[in-house]
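For reference, query16.cif is printed below; it contains mmCIF, C-alpha atoms.
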data_run
#
loop_
_atom_site.label_atom_id
_atom_site.label_comp_id
_atom_site.auth_asym_id
_atom_site.auth_seq_id
_atom_site.Cartn_x
_atom_site.Cartn_y
_atom_site.Cartn_z
CA MET A 356 -19.89 7.61 7.93
CA ILE A 357 -18.52 11.09 7.22
CA ASN A 358 -21.65 12.71 8.69
CA LEU A 359 -21.21 10.56 11.79
CA PHE A 360 -17.66 11.87 11.98
CA ILE A 361 -18.87 15.47 11.83
CA ASP A 362 -21.70 14.88 14.32
CA ASP A 363 -19.48 13.24 16.93
CA LYS A 364 -19.20 16.13 19.41
CA LYS A 365 -16.41 14.52 21.43
CA LEU A 366 -14.32 13.92 18.31
CA VAL A 367 -14.98 17.44 17.01
CA LYS A 368 -13.89 18.86 20.38
CA ILE A 369 -10.64 16.91 20.22
CA LEU A 370 -9.99 17.93 16.61
CA ASN A 371 -10.54 21.57 17.51
CA ASN A 372 -7.79 21.31 20.12
CA ILE A 373 -5.04 19.55 18.17
CA ASN A 374 -2.13 21.41 16.61
CA SER A 375 -2.82 20.46 12.98
CA GLY A 376 -5.28 21.84 10.45
CA VAL A 377 -8.03 19.30 9.74
CA TYR A 378 -10.90 19.49 7.29
CA ALA A 379 -13.39 16.99 5.89
CA LEU A 380 -14.87 16.98 2.40
CA ASP A 381 -17.58 15.03 0.60
CA ASN A 382 -16.91 13.24 -2.69
CA LYS A 383 -17.59 16.46 -4.63
CA ARG A 384 -14.87 18.23 -2.61
CA ASN A 385 -17.36 20.35 -0.67
CA ILE A 386 -16.04 21.23 2.79
CA LEU A 387 -18.07 19.75 5.67
CA PHE A 388 -15.78 20.39 8.65
CA TRP A 389 -13.00 22.91 9.35
CA ASN A 390 -11.16 22.88 12.68
CA LYS A 391 -9.74 25.76 14.73
CA LYS A 392 -6.14 25.18 13.64
CA ALA A 393 -7.25 25.28 9.99
CA GLU A 394 -8.65 28.72 10.76
CA ASP A 395 -5.37 29.80 12.36
CA ILE A 396 -3.19 28.60 9.47
CA THR A 397 -5.35 29.83 6.56
CA GLY A 398 -7.12 32.87 8.00
CA PHE A 399 -10.48 31.47 6.81
CA TYR A 400 -13.12 30.95 9.49
CA SER A 401 -15.24 27.79 9.34
CA ASP A 402 -18.42 29.70 8.45
CA GLU A 403 -16.61 31.13 5.43
CA VAL A 404 -15.72 27.73 3.97
CA ILE A 405 -18.33 25.17 5.13
CA GLY A 406 -20.42 24.11 2.14
CA LYS A 407 -17.96 25.49 -0.40
CA SER A 408 -15.53 23.60 -2.60
CA CYS A 409 -11.89 23.73 -1.52
CA LYS A 410 -10.99 25.04 -5.00
CA ASP A 411 -13.40 28.00 -4.78
CA ASN A 412 -10.72 30.62 -4.11
CA ILE A 413 -10.00 29.06 -0.73
CA LEU A 414 -6.92 26.81 -0.46
CA GLU A 415 -6.03 26.45 -4.16
CA HIS A 416 -2.88 24.40 -3.53
CA ILE A 417 0.11 24.99 -5.80
CA ASN A 418 3.40 23.12 -5.99
CA GLU A 419 6.89 24.60 -5.80
CA ALA A 420 6.83 25.33 -9.53
CA GLY A 421 3.64 27.40 -9.09
CA ARG A 422 1.37 24.87 -10.78
CA ASN A 423 -2.24 25.02 -9.58
CA LEU A 424 -3.06 21.55 -8.23
CA CYS A 425 -6.82 22.07 -7.96
CA HIS A 426 -7.24 21.09 -11.59
CA HIS A 427 -4.18 18.90 -12.14
CA GLY A 428 -2.58 16.82 -9.39
CA CYS A 429 -4.85 17.62 -6.44
CA PRO A 430 -4.09 15.07 -3.67
CA VAL A 431 -7.71 15.13 -2.47
CA SER A 432 -9.11 14.49 -5.95
CA SER A 433 -6.64 11.65 -6.47
CA THR A 434 -7.57 10.03 -3.14
CA LEU A 435 -11.28 10.36 -3.90
CA ALA A 436 -10.64 8.62 -7.20
CA ASP A 437 -8.49 5.69 -6.09
CA GLY A 438 -8.87 5.46 -2.28
CA ARG A 439 -5.13 5.71 -1.62
CA GLU A 440 -3.73 7.73 1.26
CA ARG A 441 -1.38 10.52 0.18
CA GLU A 442 1.26 12.71 1.74
CA THR A 443 2.93 15.68 0.08
CA GLN A 444 4.06 19.27 0.51
CA VAL A 445 2.19 22.14 -1.13
CA PHE A 446 1.64 25.88 -0.82
CA LEU A 447 -1.85 26.87 0.26
CA HIS A 448 -3.59 30.18 -0.30
CA HIS A 449 -4.02 32.32 2.83
CA LYS A 450 -7.07 34.55 3.14
CA GLU A 451 -4.79 37.59 2.95
CA GLY A 452 -3.42 36.40 -0.39
CA HIS A 453 0.03 35.01 0.39
CA ARG A 454 1.16 31.39 0.11
CA ILE A 455 2.07 29.20 3.09
CA PRO A 456 4.17 26.02 2.82
CA VAL A 457 2.33 23.09 4.39
CA SER A 458 2.70 19.33 4.65
CA VAL A 459 -0.51 17.55 3.66
CA LYS A 460 -1.90 14.10 4.45
CA VAL A 461 -5.12 12.90 2.80
CA PHE A 462 -7.20 9.91 3.92
CA PRO A 463 -10.31 8.45 2.20
CA VAL A 464 -13.59 8.01 4.09
CA TYR A 465 -15.84 5.08 3.17
CA ASP A 466 -19.60 4.63 3.63
CA ASP A 467 -21.29 1.45 4.91
CA GLY A 468 -21.25 0.04 1.38
CA ASN A 469 -17.47 0.47 1.18
CA MET A 470 -17.81 3.32 -1.33
CA ILE A 471 -15.68 6.44 -1.02
CA GLU A 472 -17.92 9.22 0.25
CA GLY A 473 -15.31 11.80 1.15
CA ALA A 474 -11.86 12.53 2.46
CA ILE A 475 -10.04 13.98 5.44
CA GLU A 476 -7.06 16.28 4.95
CA ILE A 477 -4.61 17.03 7.75
CA PHE A 478 -2.12 19.82 7.16
CA ASP A 479 0.70 21.42 9.12
CA ASP A 480 2.37 24.79 8.68
CA LEU A 481 5.98 24.01 7.77
CA ARG A 482 7.02 27.39 9.14
CA GLU A 483 5.91 26.16 12.56
CA LYS A 484 8.09 23.09 12.11
CA GLU A 485 11.05 25.39 11.57
CA LYS A 486 10.06 27.31 14.70
CA PHE A 487 9.79 24.01 16.57
CA LEU A 488 13.34 23.08 15.53
CA GLU A 489 14.51 26.45 16.79
CA GLU A 490 12.73 25.76 20.08
CA ILE A 491 14.46 22.39 20.35
CA LYS A 492 17.77 24.16 19.89
CA LYS A 493 16.80 26.58 22.64
CA TYR A 494 15.77 23.75 24.95
CA LYS A 495 19.20 22.18 24.47
CA GLU A 496 20.79 25.45 25.44
CA ILE A 497 18.80 25.70 28.65
CA ALA A 498 19.37 22.05 29.55
CA TYR A 499 15.91 20.72 28.68
CA MET A 500 17.53 17.90 26.76
CA ASP A 501 19.21 14.93 28.39
CA SER A 502 22.93 15.29 27.67
CA GLY A 503 23.54 11.54 27.57
CA THR A 504 20.85 10.64 25.04
CA GLY A 505 19.79 13.82 23.25
CA ILE A 506 16.10 13.37 24.07
CA PRO A 507 13.93 15.43 26.49
CA ASN A 508 15.05 15.25 30.12
CA LYS A 509 13.17 14.94 33.41
CA LYS A 510 12.40 18.66 33.74
CA TYR A 511 10.92 18.84 30.26
CA LEU A 512 8.86 15.71 30.96
CA GLU A 513 7.61 17.05 34.29
CA ASP A 514 6.51 20.39 32.80
CA ASN A 515 4.64 18.71 29.93
CA LEU A 516 3.18 15.90 32.05
CA THR A 517 1.38 18.43 34.23
CA ARG A 518 0.11 20.37 31.21
CA ILE A 519 -1.08 17.31 29.27
CA ILE A 520 -2.83 15.75 32.30
CA ASN A 521 -4.72 19.02 32.81
CA GLU A 522 -5.64 19.21 29.10
CA SER A 523 -6.84 15.60 28.93
CA GLN A 524 -9.10 16.13 31.95
CA LYS A 525 -10.41 19.45 30.65
CA PHE A 526 -11.20 18.20 27.14
CA ASN A 527 -12.04 14.63 28.18
CA TYR A 528 -9.66 12.69 25.97
CA GLY A 529 -7.70 9.60 26.95
CA THR A 530 -4.03 9.89 27.88
CA GLY A 531 -1.71 7.06 28.82
CA ILE A 532 1.59 7.23 30.70
CA LEU A 533 4.24 4.55 30.16
CA LEU A 534 7.15 3.98 32.53
CA ILE A 535 9.88 2.23 30.55
CA GLU A 536 12.87 0.51 32.16
CA VAL A 537 15.91 -0.77 30.30
CA GLN A 538 16.91 -4.17 31.66
CA ASN A 539 20.33 -5.69 32.39
CA ILE A 540 22.35 -2.47 32.37
CA PRO A 541 24.43 -3.45 35.46
CA LYS A 542 25.28 -6.77 33.79
CA ILE A 543 26.26 -5.01 30.55
CA ASN A 544 28.41 -2.56 32.53
CA ASP A 545 30.18 -5.43 34.31
CA GLU A 546 30.76 -7.53 31.21
CA HIS A 547 31.45 -4.87 28.59
CA GLY A 548 32.23 -1.65 30.47
CA ILE A 549 30.27 1.45 31.50
CA GLU A 550 30.84 3.11 28.13
CA THR A 551 29.03 0.23 26.43
CA GLY A 552 26.20 0.45 28.96
CA ASP A 553 25.87 4.16 28.12
CA ARG A 554 25.77 3.32 24.42
CA VAL A 555 22.95 0.82 25.05
CA ILE A 556 20.96 3.43 27.01
CA LYS A 557 21.47 5.92 24.17
CA MET A 558 20.44 3.28 21.61
CA ILE A 559 17.16 2.60 23.44
CA ALA A 560 16.53 6.33 23.89
CA LYS A 561 16.91 6.98 20.17
CA ASN A 562 14.70 4.00 19.33
CA LEU A 563 11.95 5.19 21.68
CA ASN A 564 12.21 8.71 20.27
CA ALA A 565 12.07 7.46 16.66
CA ASN A 566 8.93 5.42 17.40
CA THR A 567 7.09 8.11 19.37
CA ARG A 568 4.09 9.60 17.54
CA ASN A 569 4.06 13.32 16.76
CA SER A 570 1.28 13.89 19.31
CA ASP A 571 3.23 12.17 22.10
CA LEU A 572 6.35 12.83 24.16
CA THR A 573 9.08 10.47 25.35
CA GLY A 574 12.00 11.45 27.54
CA ARG A 575 14.50 10.20 30.08
CA LEU A 576 13.57 10.33 33.76
CA GLU A 577 16.83 9.04 35.21
CA GLY A 578 19.38 6.29 34.67
CA ASN A 579 17.67 3.41 32.87
CA LYS A 580 14.13 4.83 33.20
CA PHE A 581 12.14 6.63 30.52
CA LEU A 582 8.62 8.06 30.44
CA SER A 583 6.30 8.25 27.46
CA ILE A 584 3.19 10.47 27.49
CA VAL A 585 0.71 9.05 24.97
CA ARG A 586 -2.25 11.24 23.98
CA PHE A 587 -5.68 10.46 22.49
CA VAL A 588 -5.71 6.77 23.46
CA GLU A 589 -7.71 4.24 25.39
CA LYS A 590 -6.40 1.02 26.96
CA ASP A 591 -6.22 -1.09 23.76
CA GLN A 592 -4.40 1.64 21.81
CA LEU A 593 -1.97 2.20 24.67
CA LYS A 594 -1.20 -1.52 24.66
CA ILE A 595 -0.43 -1.45 20.93
CA ILE A 596 1.96 1.48 21.34
CA ALA A 597 3.72 -0.17 24.29
CA GLU A 598 4.12 -3.38 22.30
CA LYS A 599 5.66 -1.40 19.44
CA TYR A 600 8.19 0.11 21.85
CA ILE A 601 9.02 -3.34 23.24
CA ASN A 602 9.27 -5.12 19.90
CA THR A 603 11.47 -2.47 18.29
CA ALA A 604 13.68 -1.97 21.36
CA ASN A 605 14.25 -5.69 21.82
CA ALA A 606 15.41 -5.91 18.20
CA CYS A 607 18.06 -3.19 18.68
CA PHE A 608 21.75 -3.98 19.11
CA ILE A 609 25.21 -2.44 18.99
CA MET A 610 28.51 -4.13 18.13
CA LYS A 611 31.37 -4.46 20.62
CA ASP A 612 34.45 -6.55 19.78
CA ASP A 613 32.50 -8.30 16.99
CA LYS A 614 29.71 -9.21 19.42
CA LYS A 615 26.10 -8.08 19.32
CA ILE A 616 25.10 -6.28 22.53
CA SER A 617 21.35 -6.03 23.06
CA THR A 618 18.91 -5.65 25.91
CA GLU A 619 15.19 -5.66 26.68
CA ILE A 620 12.75 -3.14 28.07
CA LYS A 621 9.95 -3.53 30.59
CA ILE A 622 6.92 -1.24 30.57
CA ILE A 623 4.23 -0.49 33.11
CA GLY A 624 1.46 1.82 31.98
CA THR A 625 -1.59 3.61 33.28
CA LEU A 626 -4.37 5.79 31.91
CA VAL A 627 -4.85 9.23 33.42
CA ARG A 628 -7.82 9.16 35.81
CA GLU A 629 -10.33 11.84 36.72
CA ASN A 630 -8.56 13.19 39.81
CA ASP A 631 -4.99 12.44 38.78
CA ASP A 632 -2.13 14.89 38.80
CA ASN A 633 1.57 14.61 38.03
CA GLN A 634 2.41 13.08 41.41
CA THR A 635 -0.43 10.53 41.66
CA VAL A 636 0.33 9.14 38.20
CA LYS A 637 4.03 8.69 38.92
CA LYS A 638 3.33 7.27 42.38
CA ARG A 639 0.99 4.64 40.91
CA LEU A 640 3.57 3.62 38.32
CA PHE A 641 6.53 3.42 40.69
CA GLU A 642 4.62 1.65 43.46
CA ASN A 643 3.52 -1.10 41.07
CA ARG A 644 6.63 -1.49 38.90
CA LYS A 645 8.27 -4.12 41.12
CA LYS A 646 5.02 -6.07 41.45
CA VAL A 647 4.87 -6.62 37.71
CA THR A 648 6.89 -9.61 36.55
CA ASP A 649 5.83 -9.71 32.90
CA THR A 650 7.17 -7.49 30.12
CA PHE A 651 4.18 -5.14 29.98
CA ARG A 652 1.13 -4.35 32.05
CA ILE A 653 -1.45 -1.58 32.34
CA ILE A 654 -2.63 -0.81 35.87
#

Structure translated into structure tokens:
Amino acid sequence: MINLFIDDKKLVKILNNINSGVYALDNKRNILFWNKKAEDITGFYSDEVIGKSCKDNILEHINEAGRNLCHHGCPVSSTLADGRERETQVFLHHKEGHRIPVSVKVFPVYDDGNMIEGAIEIFDDLREKEKFLEEIKKYKEIAYMDSGTGIPNKKYLEDNLTRIINESQKFNYGTGILLIEVQNIPKINDEHGIETGDRVIKMIAKNLNANTRNSDLTGRLEGNKFLSIVRFVEKDQLKIIAEKYINTANACFIMKDDKKISTEIKIIGTLVRENDDNQTVKKRLFENRKKVTDTFRII
């Protein structure tokens, strides 16, 4: 199974273009795959580490107390032993000698006989997370965030929609676009006041944002409409993500005068097609939104 993973050229191409370090190991902790971001974060090129053990003066994770985890407490070794997924924060060894704080996720890989034959580790440079938070602050300052909800606004969505459509076509990975509409806002405004309607919109925005994967982007287009850009998916996966949005949003509520105020959302989705651009995707969604009477549909 792990060799199939490494030999899958399409998957390898995708992994070499994501913004996380990824490497695969066999059950003896020998490195079999090392993506481009792993090279960027660690300074080690793939040809320097493939075939070597991760503890051979390469990553040599330590914890905050300086304890070397390669021999005691290694998350990869633990996952290879018991098959449990793990997530932690460690300090890896850079090729130039210094230590870099990273978040680490480890997943077991099983063979056809359901035996553990290796593991996948995904790691992210925590310094980049800090930079990302600084960028978010900057985006707020230049009005890239929607002032009413605190999530990305239409301009930020438009800029990233164009970029992600181009990337998905260039690297041949599936991308879905979801148009999300909050229902019954005029009725809520009439019965409970505009301020309550605004609170409901903000509630749904925060729920969508909290349930958006790290690889995806959700923002507010206008009024009661939101857009979610969902990367690395096909139709079935897009459906699962849309259903998660619907199920969690429909379970949200706020209190007003001791009454629960809730709403529902409606989603129409589409997969990016070969000749699509920003405008054709949005046109397809908006032209079909009123034709769809059920809660969710992919066109």

Measure the distance from atom CA of A:Gln444 to atom CA of A:Glu485 in Å and round it to one decimal. 14.4 Å

Skip A:Gly531 itself and residues of its chain fewer than 2 positions away, then list as a list in words all residues within 8 Å of it, counting all atoms listed in the file. Gly529, Leu533, Ile584, Val585, Arg586, Val588, Glu589, Lys590, Leu593, Gly624, Thr625, Leu626 and Val627 of chain A

Identify all residues satisfying the PyMOL selection byres ((chain A and resi 400) around 12) in the given file; provide them as a PyMOL selection string. chain A and resi 378+388-399+401-405+413+449-450

Excluding A:Leu582 and its own-chain neighbours fewer than 3 positions away, which residues fall within 7 Å of it when counting all atoms listed in the file? Please give them as a list in words. Leu533, Leu534, Ile535, Thr573, Gly574, Arg575 and Leu576 of chain A

Show me, as a PDB file with C-alpha atoms, in the coordinates of the input, the residues that have an atom within 8 Å of A:Ile386 when counting all atoms listed in the file, minus same-chain residues fewer than 4 positions from it.
ATOM      1  CA  TYR A 378     -10.900  19.490   7.290  1.00  0.00           C
ATOM      2  CA  ALA A 379     -13.390  16.990   5.890  1.00  0.00           C
ATOM      3  CA  LEU A 380     -14.870  16.980   2.400  1.00  0.00           C
ATOM      4  CA  ASP A 381     -17.580  15.030   0.600  1.00  0.00           C
ATOM      5  CA  VAL A 404     -15.720  27.730   3.970  1.00  0.00           C
ATOM      6  CA  ILE A 405     -18.330  25.170   5.130  1.00  0.00           C
ATOM      7  CA  GLY A 406     -20.420  24.110   2.140  1.00  0.00           C
ATOM      8  CA  LYS A 407     -17.960  25.490  -0.400  1.00  0.00           C
ATOM      9  CA  SER A 408     -15.530  23.600  -2.600  1.00  0.00           C
ATOM     10  CA  CYS A 409     -11.890  23.730  -1.520  1.00  0.00           C
TER      11      CYS A 409
END

Centre, x/y/z edge lengths, axis-aligned box for stretch 554-559 of chain A with 8 Å per side, as lines of an AutoDock Vina configuration file:
center_x = 21.5
center_y = 3.4
center_z = 24.3
size_x = 24.6
size_y = 21.1
size_z = 21.4

For A:Ile417, work out the shell of residues within 12 Å, counting only C-alpha atoms and skipping chain neighbours fewer than 2 positions away, then give it as an NGL selection string. :A and (410 or 414-415 or 419-430 or 443-448 or 453-457)

Nearest to A:Asp591: which of A:Thr530, A:Gly503, A:Leu512, A:Ile519 is it, counting only C-alpha atoms?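 The shortest atom-to-atom distance to A:Asp591 comes from A:Thr530.
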